[in-house]
>>> print(open('model.txt').read())   # compact mmCIF, C-alpha atoms
# COMPACT_ATOMS: atom_id res chain seq x y z
CA MET A 1 106.91 109.67 123.93
CA SER A 2 108.82 111.76 121.46
CA ASP A 3 111.66 109.24 121.49
CA ASP A 4 109.37 106.73 119.83
CA MET A 5 109.66 108.67 116.63
CA ASP A 6 113.43 108.88 116.57
CA MET A 7 115.45 106.35 114.66
CA GLU A 8 118.16 104.49 116.54
CA ASP A 9 121.37 106.38 116.86
CA GLY A 10 124.65 105.09 115.57
CA GLY A 11 123.49 103.99 112.11
CA THR A 12 125.59 104.98 109.13
CA ILE A 13 124.10 107.52 106.79
CA LYS A 14 124.31 106.36 103.20
CA LYS A 15 123.82 108.32 100.02
CA PHE A 16 120.79 107.07 98.13
CA MET A 17 119.88 108.25 94.66
CA PHE A 18 116.55 107.38 93.10
CA VAL A 19 116.75 107.67 89.33
CA ASN A 20 113.52 108.31 87.43
CA ARG A 21 113.50 107.66 83.71
CA LYS A 22 109.85 107.14 82.84
CA ALA A 23 106.91 109.41 82.08
CA PRO A 24 104.55 109.79 85.04
CA TYR A 25 101.25 108.22 83.99
CA GLY A 26 101.94 105.48 81.43
CA THR A 27 103.24 103.05 84.03
CA ILE A 28 103.24 102.76 87.80
CA TYR A 29 107.00 103.38 88.11
CA ALA A 30 106.89 107.11 88.84
CA LEU A 31 104.27 106.87 91.57
CA GLU A 32 105.99 103.85 93.14
CA ALA A 33 109.34 105.65 93.09
CA LEU A 34 107.81 108.71 94.73
CA GLU A 35 106.26 106.61 97.49
CA VAL A 36 109.52 104.76 98.09
CA VAL A 37 111.32 108.09 98.38
CA LEU A 38 108.77 109.46 100.86
CA ILE A 39 109.06 106.31 102.96
CA SER A 40 112.86 106.35 102.78
CA ALA A 41 112.78 109.83 104.34
CA ALA A 42 111.83 108.19 107.65
CA PHE A 43 115.22 106.47 107.77
CA GLU A 44 117.07 109.79 107.75
CA GLN A 45 119.45 108.90 104.96
CA ASP A 46 121.04 111.25 102.42
CA VAL A 47 118.41 110.95 99.69
CA SER A 48 118.43 112.53 96.26
CA MET A 49 116.30 112.09 93.16
CA ALA A 50 117.46 112.32 89.58
CA PHE A 51 115.17 112.88 86.61
CA VAL A 52 116.44 111.84 83.20
CA ASP A 53 114.94 110.86 79.83
CA ASP A 54 111.12 110.90 79.99
CA GLY A 55 111.46 111.07 83.78
CA VAL A 56 111.69 114.85 83.47
CA TYR A 57 107.98 114.85 82.57
CA GLN A 58 107.25 113.78 86.17
CA LEU A 59 108.09 117.30 87.32
CA MET A 60 106.28 119.14 84.54
CA LYS A 61 103.68 121.74 85.52
CA GLY A 62 100.08 121.52 84.39
CA ILE A 63 99.68 117.76 84.04
CA ASN A 64 96.06 116.65 83.94
CA SER A 65 95.61 112.98 84.79
CA GLU A 66 91.87 112.89 84.21
CA GLY A 67 90.99 110.08 81.88
CA THR A 68 93.87 107.91 83.09
CA GLU A 69 91.91 106.87 86.19
CA LEU A 70 95.08 107.56 88.16
CA LYS A 71 95.37 110.00 91.02
CA ASN A 72 97.15 113.17 89.97
CA PHE A 73 100.28 112.90 92.09
CA SER A 74 102.06 115.86 90.48
CA LYS A 75 101.33 117.96 93.56
CA THR A 76 103.04 115.40 95.76
CA TYR A 77 106.47 116.38 94.40
CA ARG A 78 105.94 119.70 96.17
CA ALA A 79 105.66 117.81 99.49
CA LEU A 80 109.25 116.48 99.16
CA ASP A 81 110.63 119.65 100.70
CA GLY A 82 108.62 118.99 103.89
CA TYR A 83 110.16 115.50 104.00
CA ASP A 84 113.62 117.15 103.83
CA ILE A 85 114.27 115.77 100.37
CA GLU A 86 115.76 118.79 98.70
CA LYS A 87 118.26 117.28 96.26
CA LEU A 88 116.38 117.04 93.01
CA TYR A 89 118.64 116.74 89.98
CA VAL A 90 117.38 117.13 86.43
CA GLU A 91 119.52 116.29 83.42
CA GLN A 92 119.86 119.25 81.11
CA GLU A 93 120.09 117.22 77.89
CA SER A 94 116.82 115.44 78.70
CA LEU A 95 115.06 118.76 79.32
CA GLU A 96 116.39 120.27 76.11
CA ALA A 97 115.50 117.24 74.00
CA ARG A 98 111.89 117.71 75.12
CA GLY A 99 111.80 121.47 74.62
CA LEU A 100 111.54 122.11 78.37
CA THR A 101 113.29 124.52 80.68
CA GLU A 102 113.51 124.82 84.45
CA ASP A 103 110.52 127.21 84.33
CA ASP A 104 108.29 124.36 83.14
CA LEU A 105 108.91 122.41 86.36
CA LEU A 106 106.78 122.25 89.52
CA VAL A 107 109.57 122.45 92.06
CA ASP A 108 113.02 123.97 92.50
CA VAL A 109 115.62 121.65 91.03
CA THR A 110 119.30 121.58 90.22
CA VAL A 111 119.80 121.23 86.48
CA MET A 112 123.03 119.48 85.57
CA SER A 113 124.66 118.09 82.46
CA ALA A 114 124.81 114.35 81.82
CA ALA A 115 128.50 114.41 82.75
CA GLU A 116 127.85 116.22 86.06
CA LEU A 117 124.99 113.87 86.87
CA ALA A 118 127.16 110.84 86.10
CA ALA A 119 129.78 112.18 88.51
CA THR A 120 127.13 112.74 91.21
CA MET A 121 125.81 109.25 90.60
CA ALA A 122 129.28 107.80 91.04
CA GLU A 123 129.42 109.33 94.55
CA GLN A 124 126.35 107.42 95.74
CA ASP A 125 126.35 104.37 97.98
CA VAL A 126 123.09 103.13 96.49
CA VAL A 127 121.45 103.95 93.17
CA ILE A 128 117.90 102.74 92.60
CA SER A 129 116.45 103.11 89.15
CA HIS A 130 112.77 103.23 88.28
CA MET B 131 85.04 94.88 102.56
CA PRO B 132 83.06 95.97 105.63
CA MET B 133 80.11 98.27 105.05
CA VAL B 134 78.75 100.61 107.70
CA THR B 135 75.75 102.89 107.74
CA ILE B 136 76.57 106.43 108.82
CA ALA B 137 73.84 109.09 108.93
CA GLY B 138 71.69 106.94 106.65
CA LYS B 139 74.42 106.40 104.06
CA GLU B 140 76.11 103.09 103.22
CA ILE B 141 79.86 103.54 103.44
CA GLU B 142 82.64 101.11 102.59
CA LEU B 143 85.72 100.81 104.82
CA ASP B 144 88.96 98.91 104.32
CA GLU B 145 90.11 96.19 106.71
CA GLU B 146 91.77 98.79 108.96
CA GLY B 147 88.71 101.03 109.08
CA PHE B 148 89.90 103.70 106.65
CA LEU B 149 87.49 105.02 104.03
CA THR B 150 87.71 103.18 100.71
CA ASN B 151 86.29 106.12 98.82
CA LEU B 152 87.66 109.42 100.10
CA ALA B 153 84.67 111.31 98.68
CA ASP B 154 82.43 109.58 101.27
CA TRP B 155 83.84 111.79 104.03
CA SER B 156 81.59 114.12 106.00
CA ARG B 157 81.53 115.51 109.53
CA ASP B 158 79.18 112.62 110.42
CA VAL B 159 81.74 110.13 109.14
CA ALA B 160 84.41 111.87 111.23
CA ASP B 161 82.25 111.59 114.34
CA TYR B 162 81.68 107.88 113.62
CA MET B 163 85.42 107.22 113.11
CA ALA B 164 86.27 109.19 116.26
CA ALA B 165 83.81 107.11 118.30
CA GLU B 166 85.37 103.92 116.90
CA GLU B 167 88.82 105.23 117.89
CA LYS B 168 87.48 106.34 121.30
CA VAL B 169 88.52 109.92 120.62
CA GLU B 170 86.27 112.65 121.95
CA MET B 171 86.33 115.39 119.36
CA THR B 172 87.03 118.95 120.55
CA ASP B 173 87.87 122.14 118.66
CA ALA B 174 91.54 121.22 119.09
CA HIS B 175 90.93 117.87 117.36
CA TRP B 176 89.04 119.54 114.53
CA GLU B 177 91.86 122.00 114.05
CA VAL B 178 94.25 119.10 113.36
CA ILE B 179 91.71 117.31 111.14
CA ASP B 180 91.11 120.47 109.11
CA PHE B 181 94.85 121.00 108.81
CA LEU B 182 95.36 117.43 107.57
CA ARG B 183 92.61 117.73 104.99
CA GLU B 184 94.14 120.96 103.69
CA TYR B 185 97.53 119.26 103.53
CA TYR B 186 96.03 116.38 101.56
CA ASP B 187 94.29 118.77 99.21
CA GLU B 188 97.55 120.57 98.56
CA TYR B 189 99.92 117.58 98.24
CA GLN B 190 97.64 114.58 97.56
CA ILE B 191 99.22 112.55 100.36
CA ALA B 192 98.67 112.08 104.06
CA PRO B 193 101.90 113.19 105.75
CA ALA B 194 104.12 111.05 107.96
CA VAL B 195 103.83 112.03 111.61
CA ARG B 196 107.21 113.78 111.64
CA VAL B 197 106.21 115.88 108.65
CA LEU B 198 102.78 116.60 110.10
CA THR B 199 104.27 117.76 113.39
CA LYS B 200 106.67 120.11 111.62
CA ALA B 201 103.99 121.50 109.30
CA ILE B 202 101.58 122.12 112.20
CA GLY B 203 104.32 123.89 114.12
CA LYS B 204 104.87 126.16 111.15
CA LYS B 205 101.21 127.02 110.75
CA LEU B 206 99.73 126.86 114.27
CA GLY B 207 102.79 127.52 116.42
CA PRO B 208 105.33 125.43 118.36
CA ASP B 209 102.95 124.80 121.29
CA LYS B 210 100.88 122.68 118.87
CA GLY B 211 103.62 121.41 116.57
CA ASN B 212 105.05 118.89 119.00
CA ASN B 213 104.55 115.21 119.71
CA LYS B 214 103.21 115.73 123.23
CA TYR B 215 100.34 117.95 122.13
CA LEU B 216 99.41 115.75 119.16
CA TYR B 217 99.64 112.47 121.07
CA GLU B 218 97.42 113.89 123.80
CA LEU B 219 94.77 114.56 121.15
CA PHE B 220 95.31 111.29 119.27
CA PRO B 221 96.91 108.78 121.67
CA TYR B 222 97.27 105.97 119.11
CA GLY B 223 99.33 108.04 116.70
CA PRO B 224 98.35 111.47 115.42
CA ALA B 225 99.00 110.74 111.78
CA LYS B 226 97.20 107.41 111.67
CA GLN B 227 94.24 108.24 113.91
CA ALA B 228 93.69 111.74 112.63
CA CYS B 229 93.93 110.56 109.03
CA LYS B 230 91.31 107.92 109.69
CA ILE B 231 88.95 110.43 111.30
CA GLY B 232 89.70 112.95 108.57
CA GLY B 233 88.80 110.43 105.88
CA LEU B 234 92.28 110.27 104.37
CA PRO B 235 94.33 107.23 103.38
CA LYS B 236 96.92 105.80 105.74
CA PRO B 237 99.92 108.14 105.87
CA THR B 238 102.69 107.71 103.34
CA GLY B 239 105.97 107.14 105.10
CA CYS B 240 104.45 105.59 108.20
CA ILE B 241 106.62 102.70 109.29
>>> encode(input="model.txt", output="C-alpha cells")
Amino acid sequence: MSDDMDMEDGGTIKKFMFVNRKAPYGTIYALEALEVVLISAAFEQDVSMAFVDDGVYQLMKGINSEGTELKNFSKTYRALDGYDIEKLYVEQESLEARGLTEDDLLVDVTVMSAAELAATMAEQDVVISH
Amino acid sequence: MPMVTIAGKEIELDEEGFLTNLADWSRDVADYMAAEEKVEMTDAHWEVIDFLREYYDEYQIAPAVRVLTKAIGKKLGPDKGNNKYLYELFPYGPAKQACKIGGLPKPTGCI
C-alpha cells in the first residue's frame, strides 16, 4: 500500500527554480506559482523559489487580503517546509528598495545579492518565472 | 451544482462531492459525507479530521497525503503517522476522503 505513494525509481532529479516577481494580490501569478510549487513537491525534484522585485511582498508578514475577495494565502508559505521546500532565496536589492529586511518576512529565507542569485539561477536545469 | 439538505440546511457541493462553501461545514455535514464515502466514523477518524482542520486553519491548504502522514506522525506519534494506519481509516485515500469529510477543498499536491 505504501508503495503506491512512492514515485518511480530511476528518474533524474533536476534543479527547478520558480522565480516570483509580482506582488501577491494584484494578479493570480503568486497564488498559481505557490500551487505549482506545492504540486511539484510530489515529484521529488530539487525545488527552490526565488523572490525578486515586487515578488518579495509575497513573503511579507501582516498582509490582510480582506477586500480583495481573495483567500489570504500568506500562511501557506509557512507550509513549504512540510513539503520539503526549504530553498527560499530573496534578492537583497529588492528588499532594500522596498525598505524591508529579513525580519519583515514570514519564513526563514536566504537573502542573496543579485549577482549571487544570478549565479544560483545559472546552475538550474529549469527556471520558471511567474 | 448539486444541492443536498443536511440537518435541515441546503448545502451546495461540487461535482466531486466537496463543499463549495467551506463555512457550511458542521459535524452533521461530516457525518453525511462519511456516509456517502461509506466510512464509519470513530474517535480515530475524528482525530484525523480535527488534525486536518487545524492544519488548514494554520496553512490555508489541505495537505498532500505524504505531508499529512508526516505531520500526523510528528503530532500524534509514528503508530498513527503511517500509510497503513491512515488507509485503514480512509481506504480511498486519507487526504482526499478525510478532506471531503472535514469540509476542506481537495488537497493541493494530490496527483
>>> closest_atom_pairs(input="model.txt", of="chain B", to="chain A", cutoff="9 Å", atoms="all atoms listed in the file", output="CSV")
residue,atom,partner,partner_atom,distance
B:Glu188,CA,A:Lys75,CA,6.8
B:Tyr189,CA,A:Thr76,CA,4.5
B:Gln190,CA,A:Thr76,CA,5.8
B:Ile191,CA,A:Thr76,CA,6.6
B:Pro193,CA,A:Ala79,CA,8.6
B:Ala194,CA,A:Ala42,CA,8.2
B:Val195,CA,A:Met5,CA,8.4
B:Arg196,CA,A:Met5,CA,7.6
B:Val197,CA,A:Tyr83,CA,6.1
B:Leu198,CA,A:Gly82,CA,8.9
B:Lys200,CA,A:Gly82,CA,8.1
B:Ala201,CA,A:Gly82,CA,7.6
B:Asn212,CA,A:Ser2,CA,8.4
B:Asn213,CA,A:Ser2,CA,5.8
B:Lys214,CA,A:Ser2,CA,7.1
B:Tyr217,CA,A:Met1,CA,8.3
B:Thr238,CA,A:Ile39,CA,6.5
B:Gly239,CA,A:Ile39,CA,3.8
B:Cys240,CA,A:Ile39,CA,7.0
B:Ile241,CA,A:Ile39,CA,7.7
>>> residues_around(input="model.txt", residues="region 163-170 of chain B", least_positions_apart="5", cutoff="9 Å", atoms="only C-alpha atoms", output="MDAnalysis selection string")
chainID B and resid 147:148 158 175 219:222 227:228 230:233
>>> atom_distance(input="model.txt", atom1="CA of Ala50 (chain A)", atom2="CA of Val19 (chain A)")
4.7 Å
>>> residues_around(input="model.txt", residues="Lys15 (chain A)", least_positions_apart="3", cutoff="7 Å", atoms="only C-alpha atoms", output="VMD selection string")
chain A and resid 45 to 47 124 to 126
>>> write_last_selection(input="model.txt", atoms="C-alpha atoms", output="PDB file, keeping the file's coordinate frame")
ATOM      1  CA  GLN A  45     119.450 108.900 104.960  1.00  0.00           C
ATOM      2  CA  ASP A  46     121.040 111.250 102.420  1.00  0.00           C
ATOM      3  CA  VAL A  47     118.410 110.950  99.690  1.00  0.00           C
ATOM      4  CA  GLN A 124     126.350 107.420  95.740  1.00  0.00           C
ATOM      5  CA  ASP A 125     126.350 104.370  97.980  1.00  0.00           C
ATOM      6  CA  VAL A 126     123.090 103.130  96.490  1.00  0.00           C
TER       7      VAL A 126
END
>>> residues_around(input="model.txt", residues="Leu59 (chain A)", least_positions_apart="5", cutoff="9 Å", atoms="only C-alpha atoms", output="list in words")
Pro24, Phe51, Ser74, Tyr77, Asp104, Leu105, Leu106 and Val107 of chain A
>>> build_atoms(input="model.txt", residues="region 101-113 of chain A", atoms="N, CA and C atoms", output="PDB file, in the frame of the given file")
ATOM      1  N   THR A 101     112.297 123.812  79.880  1.00  0.00           N
ATOM      2  CA  THR A 101     113.290 124.520  80.680  1.00  0.00           C
ATOM      3  C   THR A 101     112.902 124.377  82.145  1.00  0.00           C
ATOM      4  N   GLU A 102     113.763 124.891  83.015  1.00  0.00           N
ATOM      5  CA  GLU A 102     113.510 124.820  84.450  1.00  0.00           C
ATOM      6  C   GLU A 102     112.169 125.478  84.807  1.00  0.00           C
ATOM      7  N   ASP A 103     111.774 126.502  84.044  1.00  0.00           N
ATOM      8  CA  ASP A 103     110.520 127.210  84.330  1.00  0.00           C
ATOM      9  C   ASP A 103     109.283 126.333  84.125  1.00  0.00           C
ATOM     10  N   ASP A 104     109.430 125.244  83.379  1.00  0.00           N
ATOM     11  CA  ASP A 104     108.290 124.360  83.140  1.00  0.00           C
ATOM     12  C   ASP A 104     108.084 123.370  84.287  1.00  0.00           C
ATOM     13  N   LEU A 105     108.956 123.431  85.305  1.00  0.00           N
ATOM     14  CA  LEU A 105     108.910 122.410  86.360  1.00  0.00           C
ATOM     15  C   LEU A 105     108.213 122.927  87.622  1.00  0.00           C
ATOM     16  N   LEU A 106     107.598 121.987  88.329  1.00  0.00           N
ATOM     17  CA  LEU A 106     106.780 122.250  89.520  1.00  0.00           C
ATOM     18  C   LEU A 106     107.559 122.703  90.741  1.00  0.00           C
ATOM     19  N   VAL A 107     108.799 122.256  90.836  1.00  0.00           N
ATOM     20  CA  VAL A 107     109.570 122.450  92.060  1.00  0.00           C
ATOM     21  C   VAL A 107     110.956 122.987  91.710  1.00  0.00           C
ATOM     22  N   ASP A 108     111.653 123.507  92.717  1.00  0.00           N
ATOM     23  CA  ASP A 108     113.020 123.970  92.500  1.00  0.00           C
ATOM     24  C   ASP A 108     113.937 122.759  92.337  1.00  0.00           C
ATOM     25  N   VAL A 109     114.723 122.771  91.294  1.00  0.00           N
ATOM     26  CA  VAL A 109     115.620 121.650  91.030  1.00  0.00           C
ATOM     27  C   VAL A 109     117.010 122.180  90.729  1.00  0.00           C
ATOM     28  N   THR A 110     117.965 121.256  90.700  1.00  0.00           N
ATOM     29  CA  THR A 110     119.300 121.580  90.220  1.00  0.00           C
ATOM     30  C   THR A 110     119.435 120.939  88.842  1.00  0.00           C
ATOM     31  N   VAL A 111     119.609 121.775  87.826  1.00  0.00           N
ATOM     32  CA  VAL A 111     119.800 121.230  86.480  1.00  0.00           C
ATOM     33  C   VAL A 111     121.276 120.967  86.281  1.00  0.00           C
ATOM     34  N   MET A 112     121.619 119.782  85.836  1.00  0.00           N
ATOM     35  CA  MET A 112     123.030 119.480  85.570  1.00  0.00           C
ATOM     36  C   MET A 112     123.193 118.698  84.269  1.00  0.00           C
ATOM     37  N   SER A 113     124.388 118.800  83.711  1.00  0.00           N
ATOM     38  CA  SER A 113     124.660 118.090  82.460  1.00  0.00           C
ATOM     39  C   SER A 113     124.766 116.594  82.744  1.00  0.00           C
TER      40      SER A 113
END
